[in-house]
Amino acid sequence: MNVHEQKLPVGGLKLSSELVQLQLHPNDGGSTNRILACLAERHVNLVLASMDVLDGLLNGMCCILVEDRQTAEMVLQPFTGAYTMLSSVGALTIFPHRSRLKLIGRILTAMHTAGLPVYGVASSFSTLSLTTHYLQLDKAVSAVCSVIDLPENHAPFHPEFRVQQL
Amino acid sequence: MEIFAVYWESVIKTYGIAERTGLCLVSLQLTPERIPDIASCLTHRAAEWGASPILVFARPVSGDAMRLHLLLDRPLTIRDFMELDGSGGAWLSGMRIDDAVELVSLQGPHYGDRYGILSAALKALADHGTPLLALSCAAASISLIFPQGYAGAAVKALETAFAAAPPSGRTNVS
């Protein structure tokens, strides 16, 4: 980053607990729907997801909690070849992104410059999440914090509590 | 600390289902070596577009490449990118621009922590034969992108699986 460029203000930054990323191989949509239905039946939550249809085939990724990995592997046995699992993954979430292309460009550059992989990106109207190697999350925080300006007295990056549906 | 939530819902509750039309979905192949060029374009010159990203999402392709998607609030053309690209257009190969796409988004309580939410949405769309272009789920939001003319049908399909909060729960943003 140019040292003269100002950091971009954001409201906050949060880190996920350890995740496993499921890479969904190209399919007509049917197998993805069945995979997601199987995970739902076994109460496996998708923490984040990004998918698209390219040339008529659905491709995508989604993340589950690492403690759900065994359940997912068991329930997804009929879908061998339709997906691969990537671990160990962590998500870094920035909010709000305030629809700034500049913020996205700078964050991607910061991650690239620090030699950090970006496995996937997901967003909502206000949040921007990217996944990287879980053990490199702290390094990712340093890289991203070189281009963003967090408020003083920011809450801890790591989650203090977790909601789980029974 | 762990908090357990129990939802007894015959139909999943949502805070509302919103539609937005007239958007532009730009998709491009992002390899590590292209990140500096593309990021520089986004960082320094994209203001010339006058477009703002509503959503940004990406999924892995092969090796360490990603397919990056920008859902923008105004139409763009390949020409816009050619004019902004300082690398001679090297990263324009594999770019795709879908004009006039439509966004349907829904939010709900603890959606990011609950199982079965995205599955319910995709099942409703599949049951009604509604074609999907892309989706991104983060925090408590599901964002679904459709070709032109399908947002209304998508909302109707989703209303079979999700119950909007009163009074209307459905808002038109465009």
# chains A, B, ... in the order shown; residues from 1 in each chain; ligands from 1

$ residues_around --residues "A:Asn59" --least-positions-apart "4" --cutoff "10 Å" --atoms "only C-alpha atoms" --output "PyMOL selection string"
(chain A and resi 23-29+32+50-54+83) or (chain B and resi 59-61+67+134)

$ write_last_selection --atoms "N, CA, C and O atoms" --output "PDB file, in the first residue's frame"
ATOM      1  N   GLN A  23     -15.724 -27.471  -1.211  1.00  0.00           N
ATOM      2  CA  GLN A  23     -15.701 -26.969  -2.581  1.00  0.00           C
ATOM      3  C   GLN A  23     -16.647 -27.863  -3.375  1.00  0.00           C
ATOM      4  O   GLN A  23     -16.415 -29.059  -3.486  1.00  0.00           O
ATOM      5  N   LEU A  24     -17.700 -27.256  -3.896  1.00  0.00           N
ATOM      6  CA  LEU A  24     -18.720 -28.005  -4.631  1.00  0.00           C
ATOM      7  C   LEU A  24     -18.345 -28.021  -6.105  1.00  0.00           C
ATOM      8  O   LEU A  24     -18.255 -26.970  -6.737  1.00  0.00           O
ATOM      9  N   HIS A  25     -18.113 -29.184  -6.639  1.00  0.00           N
ATOM     10  CA  HIS A  25     -17.675 -29.295  -8.028  1.00  0.00           C
ATOM     11  C   HIS A  25     -18.830 -28.992  -8.972  1.00  0.00           C
ATOM     12  O   HIS A  25     -20.001 -29.098  -8.585  1.00  0.00           O
ATOM     13  N   PRO A  26     -18.512 -28.616 -10.230  1.00  0.00           N
ATOM     14  CA  PRO A  26     -19.575 -28.251 -11.176  1.00  0.00           C
ATOM     15  C   PRO A  26     -20.637 -29.338 -11.283  1.00  0.00           C
ATOM     16  O   PRO A  26     -20.317 -30.522 -11.438  1.00  0.00           O
ATOM     17  N   ASN A  27     -21.897 -28.925 -11.202  1.00  0.00           N
ATOM     18  CA  ASN A  27     -23.011 -29.872 -11.306  1.00  0.00           C
ATOM     19  C   ASN A  27     -24.241 -29.125 -11.797  1.00  0.00           C
ATOM     20  O   ASN A  27     -24.236 -27.897 -11.873  1.00  0.00           O
ATOM     21  N   ASP A  28     -25.291 -29.886 -12.116  1.00  0.00           N
ATOM     22  CA  ASP A  28     -26.476 -29.231 -12.670  1.00  0.00           C
ATOM     23  C   ASP A  28     -27.350 -28.588 -11.593  1.00  0.00           C
ATOM     24  O   ASP A  28     -28.453 -28.127 -11.878  1.00  0.00           O
ATOM     25  N   GLY A  29     -26.858 -28.561 -10.383  1.00  0.00           N
ATOM     26  CA  GLY A  29     -27.618 -27.967  -9.278  1.00  0.00           C
ATOM     27  C   GLY A  29     -28.268 -29.018  -8.408  1.00  0.00           C
ATOM     28  O   GLY A  29     -28.468 -28.822  -7.211  1.00  0.00           O
ATOM     29  N   THR A  32     -25.891 -30.347  -5.627  1.00  0.00           N
ATOM     30  CA  THR A  32     -25.697 -29.334  -4.585  1.00  0.00           C
ATOM     31  C   THR A  32     -26.925 -29.259  -3.691  1.00  0.00           C
ATOM     32  O   THR A  32     -26.814 -29.211  -2.456  1.00  0.00           O
ATOM     33  N   SER A  50     -20.786 -19.205  -1.130  1.00  0.00           N
ATOM     34  CA  SER A  50     -20.750 -18.459  -2.392  1.00  0.00           C
ATOM     35  C   SER A  50     -20.918 -19.465  -3.521  1.00  0.00           C
ATOM     36  O   SER A  50     -20.202 -20.472  -3.556  1.00  0.00           O
ATOM     37  N   MET A  51     -21.836 -19.205  -4.417  1.00  0.00           N
ATOM     38  CA  MET A  51     -22.068 -20.121  -5.534  1.00  0.00           C
ATOM     39  C   MET A  51     -22.424 -19.323  -6.776  1.00  0.00           C
ATOM     40  O   MET A  51     -22.933 -18.210  -6.683  1.00  0.00           O
ATOM     41  N   ASP A  52     -22.158 -19.928  -7.940  1.00  0.00           N
ATOM     42  CA  ASP A  52     -22.565 -19.299  -9.190  1.00  0.00           C
ATOM     43  C   ASP A  52     -22.835 -20.372 -10.215  1.00  0.00           C
ATOM     44  O   ASP A  52     -22.407 -21.519 -10.064  1.00  0.00           O
ATOM     45  N   VAL A  53     -23.563 -19.969 -11.251  1.00  0.00           N
ATOM     46  CA  VAL A  53     -23.842 -20.871 -12.359  1.00  0.00           C
ATOM     47  C   VAL A  53     -23.027 -20.377 -13.553  1.00  0.00           C
ATOM     48  O   VAL A  53     -23.168 -19.227 -13.975  1.00  0.00           O
ATOM     49  N   LEU A  54     -22.157 -21.235 -14.048  1.00  0.00           N
ATOM     50  CA  LEU A  54     -21.309 -20.878 -15.182  1.00  0.00           C
ATOM     51  C   LEU A  54     -21.495 -21.965 -16.245  1.00  0.00           C
ATOM     52  O   LEU A  54     -21.322 -23.139 -15.959  1.00  0.00           O
ATOM     53  N   TYR A  83     -17.605 -33.169  -4.350  1.00  0.00           N
ATOM     54  CA  TYR A  83     -17.085 -32.073  -3.531  1.00  0.00           C
ATOM     55  C   TYR A  83     -15.710 -32.461  -3.001  1.00  0.00           C
ATOM     56  O   TYR A  83     -15.338 -33.641  -3.009  1.00  0.00           O
TER      57      TYR A  83
ATOM     58  N   ARG B  59     -15.467 -17.885  -5.272  1.00  0.00           N
ATOM     59  CA  ARG B  59     -15.289 -19.303  -4.904  1.00  0.00           C
ATOM     60  C   ARG B  59     -14.067 -19.811  -5.648  1.00  0.00           C
ATOM     61  O   ARG B  59     -13.680 -19.258  -6.689  1.00  0.00           O
ATOM     62  N   PRO B  60     -13.444 -20.861  -5.106  1.00  0.00           N
ATOM     63  CA  PRO B  60     -12.242 -21.380  -5.745  1.00  0.00           C
ATOM     64  C   PRO B  60     -12.540 -22.003  -7.101  1.00  0.00           C
ATOM     65  O   PRO B  60     -13.650 -22.524  -7.314  1.00  0.00           O
ATOM     66  N   VAL B  61     -11.573 -21.948  -7.995  1.00  0.00           N
ATOM     67  CA  VAL B  61     -11.739 -22.609  -9.292  1.00  0.00           C
ATOM     68  C   VAL B  61     -10.789 -23.806  -9.302  1.00  0.00           C
ATOM     69  O   VAL B  61     -11.129 -24.861  -8.797  1.00  0.00           O
ATOM     70  N   ARG B  67     -12.997 -17.513  -8.806  1.00  0.00           N
ATOM     71  CA  ARG B  67     -13.963 -16.814  -9.649  1.00  0.00           C
ATOM     72  C   ARG B  67     -14.556 -15.722  -8.778  1.00  0.00           C
ATOM     73  O   ARG B  67     -15.246 -15.999  -7.790  1.00  0.00           O
ATOM     74  N   ALA B 134     -26.495 -16.846  -9.211  1.00  0.00           N
ATOM     75  CA  ALA B 134     -25.440 -16.872  -8.190  1.00  0.00           C
ATOM     76  C   ALA B 134     -26.048 -16.603  -6.829  1.00  0.00           C
ATOM     77  O   ALA B 134     -27.206 -16.154  -6.732  1.00  0.00           O
TER      78      ALA B 134
END

$ residues_around --residues "A:Pro9" --least-positions-apart "3" --cutoff "8 Å" --atoms "only C-alpha atoms" --output "ChimeraX atom specification"
/A:148-151

$ closest_residue --among "A:Leu128, A:Leu135, A:Val20, A:Leu48" --to "A:Pro96" --atoms "only C-alpha atoms"
A:Leu128

$ residues_around --residues "stretch 29-34 of chain B" --least-positions-apart "5" --cutoff "10 Å" --atoms "only C-alpha atoms" --output "list in words"
Leu108, Thr109, His112, Gly115, Pro117 and Val118 of chain A; Ala39, Ser40, Ala58, Arg59, Pro60, Val61, Ser62, Gly63, Asp64, Ala65, Met66, Arg67, Leu68, His69, Ser87, Ala90, Trp91, Leu92, Ser93, Gly94, Met95 and Arg96 of chain B

$ interface_residues --of "chain B" --to "chain A" --cutoff "8 Å" --atoms "only C-alpha atoms" --output "ChimeraX atom specification"
/B:1-7,32,35-36,38-44,46,52-60,64,66,110,112-116,118-120,122-123,132-139,141-143

$ write_last_selection --atoms "N, CA and C atoms" --output "short mmCIF file (atom, residue, chain, number, x, y, z; two decimals), in the first residue's frame"
data_model
loop_
_atom_site.label_atom_id
_atom_site.label_comp_id
_atom_site.auth_asym_id
_atom_site.auth_seq_id
_atom_site.Cartn_x
_atom_site.Cartn_y
_atom_site.Cartn_z
N MET B 1 -18.30 -19.04 25.48
CA MET B 1 -19.69 -19.20 25.93
C MET B 1 -20.52 -19.69 24.74
N GLU B 2 -21.38 -20.61 24.99
CA GLU B 2 -22.23 -21.13 23.92
C GLU B 2 -23.69 -20.88 24.29
N ILE B 3 -24.46 -20.36 23.33
CA ILE B 3 -25.87 -20.10 23.55
C ILE B 3 -26.66 -21.02 22.63
N PHE B 4 -27.58 -21.75 23.18
CA PHE B 4 -28.38 -22.65 22.37
C PHE B 4 -29.72 -22.00 22.05
N ALA B 5 -30.11 -22.08 20.81
CA ALA B 5 -31.39 -21.50 20.39
C ALA B 5 -32.26 -22.60 19.82
N VAL B 6 -33.52 -22.53 20.13
CA VAL B 6 -34.46 -23.51 19.59
C VAL B 6 -35.53 -22.76 18.80
N TYR B 7 -35.74 -23.17 17.57
CA TYR B 7 -36.76 -22.54 16.74
C TYR B 7 -37.83 -23.58 16.43
N PRO B 32 -3.60 -15.42 -8.45
CA PRO B 32 -2.76 -14.59 -7.58
C PRO B 32 -1.96 -13.54 -8.33
N ILE B 35 -3.97 -10.43 -9.06
CA ILE B 35 -4.55 -9.66 -7.95
C ILE B 35 -4.04 -8.21 -7.94
N PRO B 36 -2.74 -7.96 -8.10
CA PRO B 36 -2.30 -6.56 -8.04
C PRO B 36 -2.98 -5.69 -9.09
N ILE B 38 -5.88 -6.21 -10.76
CA ILE B 38 -7.32 -6.07 -10.55
C ILE B 38 -7.60 -5.23 -9.31
N ALA B 39 -6.83 -5.49 -8.26
CA ALA B 39 -7.03 -4.71 -7.03
C ALA B 39 -6.71 -3.25 -7.27
N SER B 40 -5.68 -2.99 -8.06
CA SER B 40 -5.32 -1.61 -8.36
C SER B 40 -6.46 -0.93 -9.13
N CYS B 41 -7.03 -1.66 -10.06
CA CYS B 41 -8.17 -1.13 -10.82
C CYS B 41 -9.33 -0.81 -9.88
N LEU B 42 -9.63 -1.76 -8.98
CA LEU B 42 -10.74 -1.53 -8.05
C LEU B 42 -10.42 -0.38 -7.10
N THR B 43 -9.14 -0.30 -6.70
CA THR B 43 -8.76 0.67 -5.67
C THR B 43 -8.67 2.09 -6.21
N HIS B 44 -8.05 2.22 -7.37
CA HIS B 44 -7.69 3.56 -7.82
C HIS B 44 -8.61 4.13 -8.90
N ALA B 46 -11.78 2.65 -10.14
CA ALA B 46 -13.18 2.26 -10.25
C ALA B 46 -14.14 3.40 -9.95
N SER B 52 -21.19 1.17 -7.45
CA SER B 52 -20.87 0.67 -6.11
C SER B 52 -21.21 -0.82 -6.03
N PRO B 53 -20.36 -1.57 -5.33
CA PRO B 53 -20.66 -2.99 -5.19
C PRO B 53 -21.72 -3.23 -4.11
N ILE B 54 -22.71 -3.96 -4.48
CA ILE B 54 -23.72 -4.36 -3.49
C ILE B 54 -23.24 -5.63 -2.79
N LEU B 55 -22.69 -6.52 -3.58
CA LEU B 55 -22.14 -7.77 -3.04
C LEU B 55 -20.80 -8.07 -3.72
N VAL B 56 -19.93 -8.71 -2.99
CA VAL B 56 -18.68 -9.24 -3.54
C VAL B 56 -18.54 -10.66 -3.02
N PHE B 57 -18.33 -11.60 -3.92
CA PHE B 57 -18.16 -12.96 -3.45
C PHE B 57 -17.30 -13.73 -4.44
N ALA B 58 -16.73 -14.81 -3.97
CA ALA B 58 -15.80 -15.58 -4.81
C ALA B 58 -15.76 -17.01 -4.33
N ARG B 59 -15.47 -17.88 -5.27
CA ARG B 59 -15.29 -19.30 -4.90
C ARG B 59 -14.07 -19.81 -5.65
N PRO B 60 -13.44 -20.86 -5.11
CA PRO B 60 -12.24 -21.38 -5.74
C PRO B 60 -12.54 -22.00 -7.10
N ASP B 64 -4.93 -22.23 -7.26
CA ASP B 64 -5.19 -21.13 -6.32
C ASP B 64 -5.96 -20.00 -6.99
N MET B 66 -9.48 -18.06 -8.29
CA MET B 66 -10.86 -17.87 -7.79
C MET B 66 -11.71 -17.27 -8.90
N HIS B 110 -30.64 -15.25 13.47
CA HIS B 110 -29.58 -16.26 13.58
C HIS B 110 -29.41 -17.10 12.32
N GLY B 112 -27.17 -17.10 10.19
CA GLY B 112 -25.80 -17.56 10.04
C GLY B 112 -25.41 -18.68 10.99
N ASP B 113 -26.27 -18.94 11.96
CA ASP B 113 -25.97 -19.96 12.98
C ASP B 113 -26.91 -21.16 12.91
N ARG B 114 -27.86 -21.11 11.96
CA ARG B 114 -28.90 -22.16 11.94
C ARG B 114 -28.75 -23.04 10.70
N TYR B 115 -28.98 -24.32 10.89
CA TYR B 115 -28.89 -25.24 9.76
C TYR B 115 -30.17 -25.17 8.91
N GLY B 116 -30.03 -25.51 7.64
CA GLY B 116 -31.18 -25.72 6.78
C GLY B 116 -31.78 -24.50 6.13
N LEU B 118 -30.35 -22.12 3.92
CA LEU B 118 -30.06 -22.04 2.48
C LEU B 118 -30.68 -23.21 1.74
N SER B 119 -30.65 -24.37 2.34
CA SER B 119 -31.24 -25.54 1.70
C SER B 119 -32.73 -25.33 1.43
N ALA B 120 -33.42 -24.73 2.40
CA ALA B 120 -34.86 -24.46 2.22
C ALA B 120 -35.10 -23.48 1.08
N LEU B 122 -33.07 -22.91 -1.56
CA LEU B 122 -32.76 -23.52 -2.86
C LEU B 122 -33.81 -24.56 -3.26
N LYS B 123 -34.35 -25.26 -2.28
CA LYS B 123 -35.40 -26.24 -2.60
C LYS B 123 -36.64 -25.53 -3.14
N LEU B 132 -31.34 -19.71 -11.18
CA LEU B 132 -30.48 -18.93 -10.29
C LEU B 132 -29.15 -18.65 -11.00
N LEU B 133 -28.65 -17.43 -10.87
CA LEU B 133 -27.34 -17.09 -11.45
C LEU B 133 -26.22 -17.25 -10.44
N ALA B 134 -26.50 -16.85 -9.21
CA ALA B 134 -25.44 -16.87 -8.19
C ALA B 134 -26.05 -16.60 -6.83
N LEU B 135 -25.27 -16.87 -5.79
CA LEU B 135 -25.73 -16.56 -4.44
C LEU B 135 -24.54 -16.30 -3.53
N SER B 136 -24.82 -15.54 -2.50
CA SER B 136 -23.82 -15.30 -1.45
C SER B 136 -24.54 -15.29 -0.11
N CYS B 137 -24.00 -16.02 0.84
CA CYS B 137 -24.58 -16.06 2.19
C CYS B 137 -23.51 -15.64 3.18
N ALA B 138 -23.81 -14.64 3.96
CA ALA B 138 -22.89 -14.20 5.00
C ALA B 138 -23.71 -13.61 6.13
N ALA B 139 -23.18 -13.76 7.34
CA ALA B 139 -23.89 -13.28 8.53
C ALA B 139 -25.32 -13.84 8.52
N SER B 141 -27.72 -13.16 6.33
CA SER B 141 -28.34 -12.81 5.05
C SER B 141 -28.13 -13.89 3.99
N ILE B 142 -29.16 -14.08 3.19
CA ILE B 142 -29.04 -14.89 1.98
C ILE B 142 -29.32 -13.95 0.81
N SER B 143 -28.40 -13.86 -0.13
CA SER B 143 -28.56 -13.00 -1.30
C SER B 143 -28.56 -13.89 -2.54
#

$ select_by_dssp --residues "stretch 8-117 of chain B" --states "alpha helix (DSSP H)" --output "list in words"
Ile35, Pro36, Asp37, Ile38, Ala39, Ser40, Ile78, Arg79, Asp80, Phe81, Met82, Glu83, Leu84 and Ile117 of chain B

$ write_last_selection --atoms "N, CA and C atoms" --output "compact mmCIF listing (two decimals), in the first residue's frame"
# COMPACT_ATOMS: atom_id res chain seq x y z
N ILE B 35 -3.97 -10.43 -9.06
CA ILE B 35 -4.55 -9.66 -7.95
C ILE B 35 -4.04 -8.21 -7.94
N PRO B 36 -2.74 -7.96 -8.10
CA PRO B 36 -2.30 -6.56 -8.04
C PRO B 36 -2.98 -5.69 -9.09
N ASP B 37 -3.07 -6.18 -10.33
CA ASP B 37 -3.70 -5.38 -11.39
C ASP B 37 -5.17 -5.12 -11.11
N ILE B 38 -5.88 -6.21 -10.76
CA ILE B 38 -7.32 -6.07 -10.55
C ILE B 38 -7.60 -5.23 -9.31
N ALA B 39 -6.83 -5.49 -8.26
CA ALA B 39 -7.03 -4.71 -7.03
C ALA B 39 -6.71 -3.25 -7.27
N SER B 40 -5.68 -2.99 -8.06
CA SER B 40 -5.32 -1.61 -8.36
C SER B 40 -6.46 -0.93 -9.13
N ILE B 78 -17.78 -4.42 -21.06
CA ILE B 78 -16.37 -4.80 -21.17
C ILE B 78 -15.53 -3.56 -21.48
N ARG B 79 -16.11 -2.65 -22.27
CA ARG B 79 -15.38 -1.43 -22.64
C ARG B 79 -14.95 -0.65 -21.40
N ASP B 80 -15.83 -0.59 -20.38
CA ASP B 80 -15.47 0.11 -19.14
C ASP B 80 -14.20 -0.48 -18.55
N PHE B 81 -14.10 -1.80 -18.58
CA PHE B 81 -12.93 -2.46 -18.00
C PHE B 81 -11.70 -2.26 -18.88
N MET B 82 -11.90 -2.29 -20.21
CA MET B 82 -10.76 -2.10 -21.11
C MET B 82 -10.15 -0.72 -20.90
N GLU B 83 -11.03 0.26 -20.66
CA GLU B 83 -10.52 1.61 -20.46
C GLU B 83 -9.78 1.76 -19.14
N LEU B 84 -10.17 0.95 -18.17
CA LEU B 84 -9.57 1.08 -16.85
C LEU B 84 -8.37 0.16 -16.65
N ILE B 117 -31.25 -23.31 6.39
CA ILE B 117 -31.86 -22.11 5.84
C ILE B 117 -31.62 -22.01 4.33

$ residues_around --residues "B:Leu25" --least-positions-apart "3" --cutoff "7 Å" --atoms "only C-alpha atoms" --output "list in words"
His69, Leu70, Leu71, Leu72, Ile97, Asp98, Asp99 and Val101 of chain B

$ select_by_dssp --residues "chain A" --states "strand (DSSP E or B)" --output "number ranges by chain"
A: 8-9, 12-15, 19-27, 48-54, 57-65, 83-95, 120-123, 128-133, 148-149, 162-165

$ atom_distance --atom1 "atom CA of B:Ser105" --atom2 "atom CA of B:Thr21"
11.6 Å

$ atom_distance --atom1 "atom CA of B:Leu23" --atom2 "atom CA of B:Glu102"
6.1 Å
